[in-house]
file entry-v8.cif (mmCIF, C-alpha atoms)
data_run
loop_
_atom_site.label_atom_id
_atom_site.label_comp_id
_atom_site.auth_asym_id
_atom_site.auth_seq_id
_atom_site.Cartn_x
_atom_site.Cartn_y
_atom_site.Cartn_z
CA MET A 1 188.29 5.22 98.26
CA ALA A 2 187.50 8.93 98.26
CA GLU A 3 184.16 10.15 96.98
CA SER A 4 184.08 11.37 93.40
CA ILE A 5 183.05 14.90 94.40
CA THR A 6 186.14 15.13 96.63
CA LEU A 7 188.37 13.93 93.80
CA ALA A 8 186.76 16.31 91.32
CA ARG A 9 187.04 19.46 93.45
CA PRO A 10 190.74 20.28 92.79
CA TYR A 11 190.26 19.89 89.04
CA ALA A 12 187.14 22.08 89.09
CA ASN A 13 188.96 24.72 91.15
CA ALA A 14 191.90 24.69 88.74
CA ALA A 15 189.61 24.98 85.72
CA PHE A 16 187.76 27.84 87.41
CA GLU A 17 191.00 29.70 88.16
CA VAL A 18 192.12 29.35 84.53
CA ALA A 19 188.71 30.51 83.29
CA VAL A 20 188.76 33.57 85.57
CA ALA A 21 192.33 34.44 84.58
CA ASP A 22 191.43 34.14 80.88
CA LYS A 23 188.10 35.96 81.40
CA ALA A 24 186.43 32.96 79.76
CA LEU A 25 183.90 31.70 82.31
CA ALA A 26 181.12 31.23 79.75
CA GLU A 27 183.40 29.37 77.32
CA TRP A 28 184.72 27.05 80.03
CA SER A 29 181.21 26.49 81.33
CA GLY A 30 179.97 25.42 77.90
CA MET A 31 183.03 23.30 77.26
CA LEU A 32 182.77 21.48 80.59
CA LYS A 33 179.03 20.89 80.12
CA THR A 34 179.71 19.34 76.72
CA LEU A 35 182.55 17.18 78.02
CA ALA A 36 180.46 16.11 81.03
CA ALA A 37 177.57 15.11 78.77
CA VAL A 38 179.89 13.09 76.55
CA ALA A 39 181.60 11.42 79.53
CA ALA A 40 178.23 10.58 81.12
CA ASP A 41 177.10 8.60 78.05
CA ASP A 42 177.07 4.88 78.89
CA LYS A 43 179.24 3.78 75.96
CA ILE A 44 181.79 6.54 76.50
CA SER A 45 181.81 5.96 80.26
CA ASN A 46 182.64 2.29 79.68
CA LEU A 47 185.40 3.32 77.28
CA LEU A 48 186.85 5.72 79.86
CA LYS A 49 186.80 3.02 82.55
CA ASN A 50 188.55 0.48 80.30
CA PRO A 51 191.99 -0.17 81.83
CA ALA A 52 193.21 -1.76 78.60
CA LEU A 53 193.19 1.61 76.84
CA THR A 54 196.08 3.95 77.42
CA ALA A 55 195.42 7.37 78.90
CA GLU A 56 196.39 8.94 75.60
CA LYS A 57 193.85 6.87 73.66
CA GLN A 58 191.11 7.67 76.17
CA ALA A 59 191.85 11.39 75.94
CA ASP A 60 192.01 11.26 72.14
CA ALA A 61 188.66 9.45 71.97
CA LEU A 62 186.97 11.97 74.25
CA LEU A 63 188.45 14.92 72.37
CA ALA A 64 187.46 13.44 69.01
CA ILE A 65 183.85 13.18 70.15
CA SER A 66 183.69 16.63 71.74
CA GLY A 67 185.01 18.17 68.52
CA ASP A 68 185.87 21.85 68.34
CA GLU A 69 184.13 22.60 71.65
CA THR A 70 187.37 22.10 73.57
CA SER A 71 189.98 24.87 73.78
CA ALA A 72 193.73 24.24 73.90
CA LYS A 73 193.76 24.61 77.69
CA GLY A 74 190.70 22.37 77.91
CA LYS A 75 192.53 19.72 75.89
CA ASN A 76 195.45 19.95 78.31
CA MET A 77 193.05 19.41 81.19
CA ILE A 78 191.54 16.35 79.47
CA ARG A 79 195.01 14.89 78.95
CA LEU A 80 195.84 15.50 82.62
CA LEU A 81 192.60 13.87 83.73
CA ALA A 82 193.35 10.91 81.46
CA GLU A 83 196.86 10.50 82.88
CA ASN A 84 195.42 10.44 86.39
CA ARG A 85 192.53 8.13 85.36
CA ARG A 86 189.97 10.80 86.32
CA LEU A 87 188.04 11.32 83.06
CA THR A 88 184.94 9.79 84.63
CA LEU A 89 184.87 12.77 87.04
CA LEU A 90 183.93 15.23 84.29
CA PRO A 91 180.23 15.47 85.32
CA GLU A 92 181.22 16.31 88.91
CA ILE A 93 183.89 18.75 87.72
CA ALA A 94 181.32 20.56 85.56
CA GLU A 95 178.85 20.66 88.46
CA ILE A 96 181.39 22.17 90.88
CA PHE A 97 182.54 24.62 88.21
CA GLU A 98 178.95 25.86 87.78
CA VAL A 99 178.62 26.44 91.53
CA LEU A 100 181.88 28.43 91.55
CA LYS A 101 180.77 30.40 88.47
CA ALA A 102 177.41 31.27 90.04
CA ALA A 103 179.13 32.46 93.22
CA LYS A 104 181.53 34.61 91.21
CA GLU A 105 178.74 36.11 89.13
CA LYS A 106 176.52 36.49 92.22
CA SER A 107 173.75 34.58 90.51
CA ILE A 108 171.59 31.73 91.66
CA ASP A 109 169.18 29.29 90.05
CA VAL A 110 165.78 29.19 91.72
CA GLU A 111 163.08 26.62 90.97
CA LEU A 112 159.51 27.75 91.51
CA ALA A 113 156.71 25.18 91.46
CA THR A 114 153.18 26.54 91.54
CA ALA A 115 149.74 24.97 91.36
CA PHE A 116 148.79 27.11 88.36
CA THR A 117 150.58 28.91 85.53
CA LEU A 118 151.74 32.39 86.61
CA SER A 119 151.49 35.53 84.52
CA ASP A 120 154.70 37.08 83.23
CA ALA A 121 154.14 40.12 85.44
CA LEU A 122 153.87 37.95 88.56
CA VAL A 123 156.97 35.96 87.60
CA GLU A 124 158.89 39.22 87.19
CA GLN A 125 157.60 40.49 90.54
CA LEU A 126 158.69 37.24 92.26
CA THR A 127 162.08 37.41 90.57
CA GLN A 128 162.62 40.97 91.84
CA ALA A 129 161.56 40.01 95.38
CA LEU A 130 163.88 36.98 95.41
CA GLN A 131 166.79 39.06 94.08
CA LYS A 132 166.26 41.52 96.89
CA ARG A 133 166.01 38.81 99.55
CA LEU A 134 168.92 36.68 98.29
CA ASP A 135 171.11 39.63 97.20
CA ARG A 136 171.93 37.84 93.95
CA THR A 137 170.85 37.80 90.35
CA VAL A 138 168.08 35.20 90.19
CA LYS A 139 167.51 32.83 87.28
CA LEU A 140 163.94 31.71 87.92
CA HIS A 141 162.75 28.39 86.46
CA THR A 142 159.01 27.87 86.81
CA SER A 143 156.96 24.70 86.65
CA VAL A 144 153.37 23.71 87.38
CA ASP A 145 152.58 21.03 89.98
CA GLN A 146 148.81 20.72 90.38
CA GLY A 147 149.39 18.47 93.41
CA LEU A 148 150.28 21.58 95.40
CA ILE A 149 146.57 22.55 95.39
CA GLY A 150 147.54 26.23 95.78
CA GLY A 151 150.53 28.39 96.69
CA ALA A 152 154.12 27.69 95.67
CA VAL A 153 157.32 25.85 96.56
CA ILE A 154 160.61 27.67 96.03
CA ARG A 155 163.88 25.71 95.92
CA THR A 156 167.41 27.04 95.66
CA GLY A 157 170.39 24.99 96.76
CA ASP A 158 169.65 23.73 100.27
CA THR A 159 166.87 26.25 100.89
CA VAL A 160 163.22 25.28 100.43
CA ILE A 161 160.35 27.70 101.03
CA ASP A 162 157.09 25.73 101.03
CA SER A 163 154.06 27.99 101.06
CA SER A 164 151.83 25.50 99.24
CA VAL A 165 148.45 24.42 100.54
CA ARG A 166 149.65 20.80 100.45
CA GLY A 167 152.68 21.72 102.59
CA LYS A 168 150.52 23.55 105.11
CA LEU A 169 148.09 20.62 105.29
CA ASN A 170 151.01 18.24 105.91
CA LYS A 171 152.29 20.46 108.75
CA LEU A 172 148.82 20.60 110.25
CA ALA A 173 148.50 16.81 110.08
CA GLU A 174 151.91 16.42 111.79
CA SER A 175 150.97 18.77 114.60
CA LEU A 176 147.62 17.05 115.13
CA SER A 177 149.19 13.59 115.29
CA SER A 178 151.92 14.52 117.78
#

call {"tool": "encode", "arguments": {"input": "entry-v8.cif", "output": "structure tokens"}}
result
Amino acid sequence: MAESITLARPYANAAFEVAVADKALAEWSGMLKTLAAVAADDKISNLLKNPALTAEKQADALLAISGDETSAKGKNMIRLLAENRRLTLLPEIAEIFEVLKAAKEKSIDVELATAFTLSDALVEQLTQALQKRLDRTVKLHTSVDQGLIGGAVIRTGDTVIDSSVRGKLNKLAESLSS
């Protein structure tokens, strides 16, 4: 059986194309996040996996729970997913959609873990430097990890920049043991 991310990709691409054509990326993003959260709930997930329920009943149940968050085109997508028994893919569809949206908007989420709380001025300075280096609008999310001892760890997608004291000590220990 194919992996869920592979099955979700065509639906996410189609939703993205509709959102771009309608100039409604933010609305689709919010709608898909809501639907993904509902579909990820254990009780709802079990309902969506129940083969005894018709596709129509599964779609109606999901749409009833999501309320007014779902547009007419979103409802059509839910009905299509239900017909193809793919409603459980909504979390993956939302995830892929967000990646496509970020690429279109030339934005990127960056996680910054530091040993100590940073001042607002320093956070702004780091944001500007990352925007320049990555050539994208940066959404910086900061956290404190006292285990780093000092320095910072920056994560974005597959890229990790570890300039923490702990990271440097680990590299030194590796080089000494080899």

call {"tool": "resolve_selection", "arguments": {"input": "entry-v8.cif", "expression": "the PyMOL selection byres ((chain A and resi 114) around 7)", "output": "list in words"}}
result
Leu112, Ala113, Ala115, Phe116, Thr117, Ser143, Val144, Asp145, Leu148, Gly151, Ala152 and Val153 of chain A

call {"tool": "atom_distance", "arguments": {"input": "entry-v8.cif", "atom1": "CA of Lys101 in chain A", "atom2": "CA of Gly67 in chain A"}}
result
23.8 Å

call {"tool": "closest_atom_pairs", "arguments": {"input": "entry-v8.cif", "of": "range 82-176 of chain A", "to": "range 13-35 of chain A", "cutoff": "9 Å", "atoms": "all atoms listed in the file", "output": "JSON lines"}}
result
{"residue": "A:Leu90", "atom": "CA", "partner": "A:Leu35", "partner_atom": "CA", "distance": 6.7}
{"residue": "A:Pro91", "atom": "CA", "partner": "A:Lys33", "partner_atom": "CA", "distance": 7.6}
{"residue": "A:Ile93", "atom": "CA", "partner": "A:Leu32", "partner_atom": "CA", "distance": 7.7}
{"residue": "A:Ala94", "atom": "CA", "partner": "A:Leu32", "partner_atom": "CA", "distance": 5.3}
{"residue": "A:Glu95", "atom": "CA", "partner": "A:Lys33", "partner_atom": "CA", "distance": 8.3}
{"residue": "A:Ile96", "atom": "CA", "partner": "A:Asn13", "partner_atom": "CA", "distance": 8.0}
{"residue": "A:Phe97", "atom": "CA", "partner": "A:Phe16", "partner_atom": "CA", "distance": 6.2}
{"residue": "A:Glu98", "atom": "CA", "partner": "A:Ser29", "partner_atom": "CA", "distance": 6.9}
{"residue": "A:Leu100", "atom": "CA", "partner": "A:Phe16", "partner_atom": "CA", "distance": 7.2}
{"residue": "A:Lys101", "atom": "CA", "partner": "A:Leu25", "partner_atom": "CA", "distance": 7.0}

call {"tool": "atom_distance", "arguments": {"input": "entry-v8.cif", "atom1": "CA of Val99 in chain A", "atom2": "CA of Leu87 in chain A"}}
result
19.7 Å

call {"tool": "closest_residue", "arguments": {"input": "entry-v8.cif", "among": "A:Asp42, A:Met77, A:Leu47, A:Thr70", "to": "Ala12 in chain A", "atoms": "only C-alpha atoms"}}
result
A:Met77

call {"tool": "axis_aligned_box", "arguments": {"input": "entry-v8.cif", "around": "range 15-21 of chain A", "padding_each_side": "4 Å", "output": "lines of an AutoDock Vina configuration file"}}
result
center_x = 190.0
center_y = 29.7
center_z = 85.7
size_x = 12.6
size_y = 17.5
size_z = 12.9

call {"tool": "residues_around", "arguments": {"input": "entry-v8.cif", "residues": "Thr127 in chain A", "least_positions_apart": "3", "cutoff": "7 Å", "atoms": "all atoms listed in the file", "output": "list of chain:residue names"}}
result
A:Val123, A:Glu124, A:Leu130, A:Gln131, A:Val138, A:Leu140

call {"tool": "closest_residue", "arguments": {"input": "entry-v8.cif", "among": "A:Asp135, A:Glu111, A:Glu3, A:Glu56", "to": "Ala82 in chain A", "atoms": "only C-alpha atoms"}}
result
A:Glu56

call {"tool": "residues_around", "arguments": {"input": "entry-v8.cif", "residues": "Leu48 in chain A", "least_positions_apart": "4", "cutoff": "8 Å", "atoms": "all atoms listed in the file", "output": "list in words"}}
result
Ala39, Ile44, Gln58, Leu87 and Thr88 of chain A

call {"tool": "atom_distance", "arguments": {"input": "entry-v8.cif", "atom1": "CA of Asp41 in chain A", "atom2": "CA of Pro10 in chain A"}}
result
23.2 Å

call {"tool": "residues_around", "arguments": {"input": "entry-v8.cif", "residues": "Arg136 in chain A", "least_positions_apart": "5", "cutoff": "7 Å", "atoms": "only C-alpha atoms", "output": "short mmCIF file (atom, residue, chain, number, x, y, z; two decimals) with C-alpha atoms, in the coordinates of the input"}}
result
data_model
loop_
_atom_site.label_atom_id
_atom_site.label_comp_id
_atom_site.auth_asym_id
_atom_site.auth_seq_id
_atom_site.Cartn_x
_atom_site.Cartn_y
_atom_site.Cartn_z
CA LYS A 106 176.52 36.49 92.22
CA SER A 107 173.75 34.58 90.51
CA ILE A 108 171.59 31.73 91.66
CA GLN A 131 166.79 39.06 94.08
#

call {"tool": "closest_residue", "arguments": {"input": "entry-v8.cif", "among": "A:Leu7, A:Val38, A:Ala121, A:Leu53", "to": "Leu81 in chain A", "atoms": "all atoms listed in the file"}}
result
A:Leu7

call {"tool": "resolve_selection", "arguments": {"input": "entry-v8.cif", "expression": "the PyMOL selection byres ((chain A and resi 156) around 9)", "output": "JSON, numbers by chain"}}
result
{"A": [108, 109, 110, 111, 112, 154, 155, 157, 158, 159, 160, 161]}

call {"tool": "closest_residue", "arguments": {"input": "entry-v8.cif", "among": "A:Lys104, A:Arg9, A:Lys49, A:Arg79", "to": "Leu63 in chain A", "atoms": "all atoms listed in the file"}}
result
A:Arg79

call {"tool": "closest_residue", "arguments": {"input": "entry-v8.cif", "among": "A:Thr142, A:Thr54, A:Asn46, A:Ser71", "to": "Asn84 in chain A", "atoms": "only C-alpha atoms"}}
result
A:Thr54

call {"tool": "build_atoms", "arguments": {"input": "entry-v8.cif", "residues": "range 63-74 of chain A", "atoms": "all heavy atoms", "output": "mmCIF file, in the frame of the given file"}}
result
data_model
loop_
_atom_site.group_PDB
_atom_site.id
_atom_site.type_symbol
_atom_site.label_atom_id
_atom_site.label_comp_id
_atom_site.auth_asym_id
_atom_site.auth_seq_id
_atom_site.Cartn_x
_atom_site.Cartn_y
_atom_site.Cartn_z
ATOM 1 N N LEU A 63 188.261 13.679 73.121
ATOM 2 C CA LEU A 63 188.450 14.920 72.370
ATOM 3 C C LEU A 63 187.903 14.818 70.951
ATOM 4 O O LEU A 63 187.387 15.798 70.411
ATOM 5 C CB LEU A 63 189.923 15.314 72.363
ATOM 6 C CG LEU A 63 190.471 15.760 73.720
ATOM 7 C CD1 LEU A 63 191.989 15.927 73.662
ATOM 8 C CD2 LEU A 63 189.801 17.044 74.180
ATOM 9 N N ALA A 64 187.998 13.630 70.358
ATOM 10 C CA ALA A 64 187.460 13.440 69.010
ATOM 11 C C ALA A 64 185.935 13.589 69.014
ATOM 12 O O ALA A 64 185.355 14.170 68.096
ATOM 13 C CB ALA A 64 187.858 12.069 68.477
ATOM 14 N N ILE A 65 185.309 13.095 70.064
ATOM 15 C CA ILE A 65 183.850 13.180 70.150
ATOM 16 C C ILE A 65 183.390 14.595 70.461
ATOM 17 O O ILE A 65 182.414 15.072 69.906
ATOM 18 C CB ILE A 65 183.315 12.193 71.220
ATOM 19 C CG1 ILE A 65 183.597 10.773 70.762
ATOM 20 C CG2 ILE A 65 181.838 12.404 71.473
ATOM 21 C CD1 ILE A 65 183.396 9.741 71.833
ATOM 22 N N SER A 66 184.108 15.278 71.352
ATOM 23 C CA SER A 66 183.690 16.630 71.740
ATOM 24 C C SER A 66 183.955 17.651 70.639
ATOM 25 O O SER A 66 183.407 18.750 70.661
ATOM 26 C CB SER A 66 184.373 17.055 73.042
ATOM 27 O OG SER A 66 185.761 17.161 72.871
ATOM 28 N N GLY A 67 184.788 17.314 69.686
ATOM 29 C CA GLY A 67 185.010 18.170 68.520
ATOM 30 C C GLY A 67 185.702 19.471 68.849
ATOM 31 O O GLY A 67 186.621 19.527 69.667
ATOM 32 N N ASP A 68 185.239 20.537 68.210
ATOM 33 C CA ASP A 68 185.870 21.850 68.340
ATOM 34 C C ASP A 68 185.427 22.598 69.588
ATOM 35 O O ASP A 68 185.815 23.744 69.784
ATOM 36 C CB ASP A 68 185.545 22.711 67.105
ATOM 37 C CG ASP A 68 186.128 22.124 65.836
ATOM 38 O OD1 ASP A 68 187.123 21.379 65.942
ATOM 39 O OD2 ASP A 68 185.580 22.396 64.747
ATOM 40 N N GLU A 69 184.618 21.965 70.423
ATOM 41 C CA GLU A 69 184.130 22.600 71.650
ATOM 42 C C GLU A 69 185.250 22.819 72.668
ATOM 43 O O GLU A 69 185.111 23.643 73.558
ATOM 44 C CB GLU A 69 183.049 21.724 72.299
ATOM 45 C CG GLU A 69 181.760 21.676 71.535
ATOM 46 C CD GLU A 69 180.946 22.941 71.681
ATOM 47 O OE1 GLU A 69 180.884 23.491 72.781
ATOM 48 O OE2 GLU A 69 180.371 23.379 70.666
ATOM 49 N N THR A 70 186.326 22.079 72.553
ATOM 50 C CA THR A 70 187.370 22.100 73.570
ATOM 51 C C THR A 70 188.526 23.004 73.153
ATOM 52 O O THR A 70 189.115 22.826 72.087
ATOM 53 C CB THR A 70 187.882 20.666 73.831
ATOM 54 O OG1 THR A 70 186.758 19.813 74.039
ATOM 55 C CG2 THR A 70 188.773 20.609 75.038
ATOM 56 N N SER A 71 188.864 23.956 74.030
ATOM 57 C CA SER A 71 189.980 24.870 73.780
ATOM 58 C C SER A 71 191.308 24.156 74.006
ATOM 59 O O SER A 71 191.341 23.023 74.493
ATOM 60 C CB SER A 71 189.879 26.076 74.711
ATOM 61 O OG SER A 71 190.114 25.668 76.051
ATOM 62 N N ALA A 72 192.395 24.826 73.703
ATOM 63 C CA ALA A 72 193.730 24.240 73.900
ATOM 64 C C ALA A 72 193.967 23.922 75.375
ATOM 65 O O ALA A 72 194.469 22.846 75.718
ATOM 66 C CB ALA A 72 194.802 25.173 73.369
ATOM 67 N N LYS A 73 193.582 24.848 76.254
ATOM 68 C CA LYS A 73 193.760 24.610 77.690
ATOM 69 C C LYS A 73 192.812 23.509 78.175
ATOM 70 O O LYS A 73 193.162 22.738 79.058
ATOM 71 C CB LYS A 73 193.556 25.898 78.484
ATOM 72 C CG LYS A 73 194.690 26.890 78.262
ATOM 73 C CD LYS A 73 194.513 28.146 79.067
ATOM 74 C CE LYS A 73 195.687 29.092 78.816
ATOM 75 N NZ LYS A 73 195.547 30.345 79.548
ATOM 76 N N GLY A 74 191.639 23.440 77.581
ATOM 77 C CA GLY A 74 190.700 22.370 77.910
ATOM 78 C C GLY A 74 191.255 21.018 77.498
ATOM 79 O O GLY A 74 191.109 20.025 78.222
#
